[in-house]
$ cat target39.cif   # mmCIF, C-alpha atoms
data_structure
loop_
_atom_site.label_atom_id
_atom_site.label_comp_id
_atom_site.auth_asym_id
_atom_site.auth_seq_id
_atom_site.Cartn_x
_atom_site.Cartn_y
_atom_site.Cartn_z
CA MET A 1 -7.20 -7.43 -0.14
CA ILE A 2 -7.73 -4.17 -1.94
CA LEU A 3 -6.90 -3.42 -5.57
CA ALA A 4 -5.68 0.18 -5.69
CA ARG A 5 -3.85 2.76 -7.79
CA VAL A 6 -0.83 4.57 -6.36
CA ALA A 7 -1.73 8.26 -6.28
CA GLY A 8 1.40 9.59 -4.62
CA HIS A 9 4.06 9.35 -1.97
CA VAL A 10 3.78 10.36 1.66
CA TRP A 11 6.84 11.50 3.58
CA GLY A 12 7.81 13.37 6.68
CA SER A 13 10.90 14.69 8.34
CA VAL A 14 10.42 12.25 11.23
CA LYS A 15 9.16 8.65 11.03
CA ALA A 16 8.00 6.31 13.76
CA PRO A 17 10.54 3.69 14.79
CA GLY A 18 10.19 0.63 12.54
CA LEU A 19 9.37 2.57 9.35
CA GLU A 20 12.98 3.02 8.27
CA GLY A 21 13.51 1.54 4.81
CA PHE A 22 9.84 1.52 3.83
CA ARG A 23 8.08 4.01 1.56
CA LEU A 24 4.62 5.25 2.40
CA LEU A 25 2.22 5.42 -0.54
CA ASP A 26 -1.09 7.23 -0.91
CA VAL A 27 -3.31 4.70 -2.70
CA VAL A 28 -6.83 4.99 -4.14
CA PRO A 29 -8.94 1.82 -3.82
CA LEU A 30 -10.63 0.62 -7.02
CA ALA A 31 -14.14 -0.79 -7.27
CA ALA A 32 -16.15 -2.22 -10.16
CA GLY A 33 -17.59 1.26 -10.80
CA GLY A 34 -14.25 3.10 -10.73
CA GLU A 35 -12.02 4.71 -8.13
CA SER A 36 -13.08 5.40 -4.56
CA GLN A 37 -13.18 8.94 -3.19
CA ALA A 38 -11.24 7.85 -0.11
CA THR A 39 -7.53 7.15 -0.04
CA LEU A 40 -5.35 5.24 2.36
CA VAL A 41 -1.67 5.13 3.19
CA ALA A 42 0.15 1.81 2.82
CA ALA A 43 3.73 0.79 3.56
CA ASP A 44 5.63 -0.40 0.49
CA ALA A 45 8.79 -2.52 0.39
CA LEU A 46 8.37 -3.46 -3.30
CA GLY A 47 9.04 -0.11 -4.98
CA ALA A 48 5.67 0.68 -6.57
CA GLY A 49 5.48 3.96 -8.46
CA ILE A 50 2.83 6.59 -9.02
CA GLY A 51 0.12 5.38 -11.40
CA GLU A 52 0.85 1.68 -10.86
CA HIS A 53 -1.81 -0.70 -9.60
CA VAL A 54 -1.08 -2.60 -6.40
CA LEU A 55 -2.68 -5.12 -4.07
CA VAL A 56 -2.92 -3.87 -0.50
CA ALA A 57 -3.61 -6.21 2.40
CA HIS A 58 -4.79 -5.02 5.81
CA GLY A 59 -4.04 -6.45 9.21
CA SER A 60 -1.35 -7.08 11.75
CA ARG A 61 -0.85 -10.70 10.61
CA VAL A 62 -0.05 -9.57 7.04
CA ARG A 63 2.29 -6.90 8.37
CA ASP A 64 4.05 -9.41 10.64
CA LEU A 65 4.63 -11.85 7.76
CA THR A 66 5.76 -9.28 5.19
CA LEU A 67 7.42 -6.31 6.93
CA GLY A 68 7.93 -7.49 10.51
CA VAL A 69 6.28 -7.06 13.88
CA ALA A 70 8.11 -3.79 14.63
CA VAL A 71 6.49 -1.89 11.73
CA PRO A 72 3.67 0.36 13.03
CA VAL A 73 1.24 0.06 10.09
CA LYS A 74 -1.52 -2.34 9.07
CA ASP A 75 -1.90 -1.56 5.34
CA VAL A 76 0.83 -3.22 3.30
CA VAL A 77 1.53 -3.34 -0.45
CA ILE A 78 1.88 -7.06 -1.16
CA ALA A 79 2.03 -7.02 -4.99
CA ILE A 80 2.49 -4.73 -7.97
CA VAL A 81 -0.27 -5.73 -10.39
CA ALA A 82 0.65 -6.35 -14.03
CA GLY A 83 -2.98 -6.80 -15.12
CA TRP A 84 -6.38 -8.17 -14.26
CA GLU A 85 -9.55 -9.38 -15.94
CA LEU A 86 -13.15 -8.84 -14.92
CA ALA A 87 -15.75 -11.41 -15.86
#
$ encode --input "target39.cif" --output "structure tokens"
Amino acid sequence: MILARVAGHVWGSVKAPGLEGFRLLDVVPLAAGGESQATLVAADALGAGIGEHVLVAHGSRVRDLTLGVAVPVKDVVIAIVAGWELA
């Protein structure tokens, strides 16, 4: 799983079949030293907004269990994070 911050929304005039009803979010992974330079796009069915922190899981098994086998993505927002603590 990846802890990330939602940087923005991604949209297009045409979506692949299976993406109807899901938002695509541009997320920035977080590390102990701060934010990553790379971003990734994750499908979101929870309604996360820009600036919120989310947990993103990767893989077809996660996608199958959360969004369904017909969804053509492997990065999925599985939680909107209310807070965390580092030891």
$ resolve_selection --input "target39.cif" --expression "the PyMOL selection byres ((chain A and resi 32) around 12)" --output "list in words"
Ile2, Leu3, Ala4, Pro29, Leu30, Ala31, Gly33, Gly34, Glu35, Ser36, Glu85, Leu86 and Ala87 of chain A
$ atom_distance --input "target39.cif" --atom1 "atom CA of A:Val54" --atom2 "atom CA of A:Ala16"
23.8 Å
$ residues_around --input "target39.cif" --residues "A:Gly68" --least-positions-apart "3" --cutoff "12 Å" --atoms "only C-alpha atoms" --output "list in words"
Gly18, Leu19, Glu20, Phe22, Ala43, Ala45, Ser60, Arg61, Val62, Arg63, Asp64, Leu65, Val71, Pro72, Val73, Lys74 and Val76 of chain A
$ atom_distance --input "target39.cif" --atom1 "atom CA of A:His58" --atom2 "atom CA of A:Trp11"
20.3 Å
$ atom_distance --input "target39.cif" --atom1 "atom CA of A:Ala79" --atom2 "atom CA of A:Val10"
18.7 Å
$ resolve_selection --input "target39.cif" --expression "the PyMOL selection byres ((chain A and resi 80) around 8)" --output "PDB file with C-alpha atoms, in the coordinates of the input"
ATOM      1  CA  LEU A  46       8.370  -3.460  -3.300  1.00  0.00           C
ATOM      2  CA  ALA A  48       5.670   0.680  -6.570  1.00  0.00           C
ATOM      3  CA  GLU A  52       0.850   1.680 -10.860  1.00  0.00           C
ATOM      4  CA  HIS A  53      -1.810  -0.700  -9.600  1.00  0.00           C
ATOM      5  CA  VAL A  54      -1.080  -2.600  -6.400  1.00  0.00           C
ATOM      6  CA  LEU A  55      -2.680  -5.120  -4.070  1.00  0.00           C
ATOM      7  CA  VAL A  77       1.530  -3.340  -0.450  1.00  0.00           C
ATOM      8  CA  ILE A  78       1.880  -7.060  -1.160  1.00  0.00           C
ATOM      9  CA  ALA A  79       2.030  -7.020  -4.990  1.00  0.00           C
ATOM     10  CA  VAL A  81      -0.270  -5.730 -10.390  1.00  0.00           C
ATOM     11  CA  ALA A  82       0.650  -6.350 -14.030  1.00  0.00           C
TER      12      ALA A  82
END
$ axis_aligned_box --input "target39.cif" --around "stretch 14-19 of chain A" --padding-each-side "8 Å" --output "AutoDock Vina command-line options"
--center_x 9.3 --center_y 6.4 --center_z 12.1 --size_x 18.5 --size_y 27.6 --size_z 21.4
$ residues_around --input "target39.cif" --residues "stretch 24-26 of chain A" --least-positions-apart "4" --cutoff "8 Å" --atoms "only C-alpha atoms" --output "ChimeraX atom specification"
/A:6-11,39-44
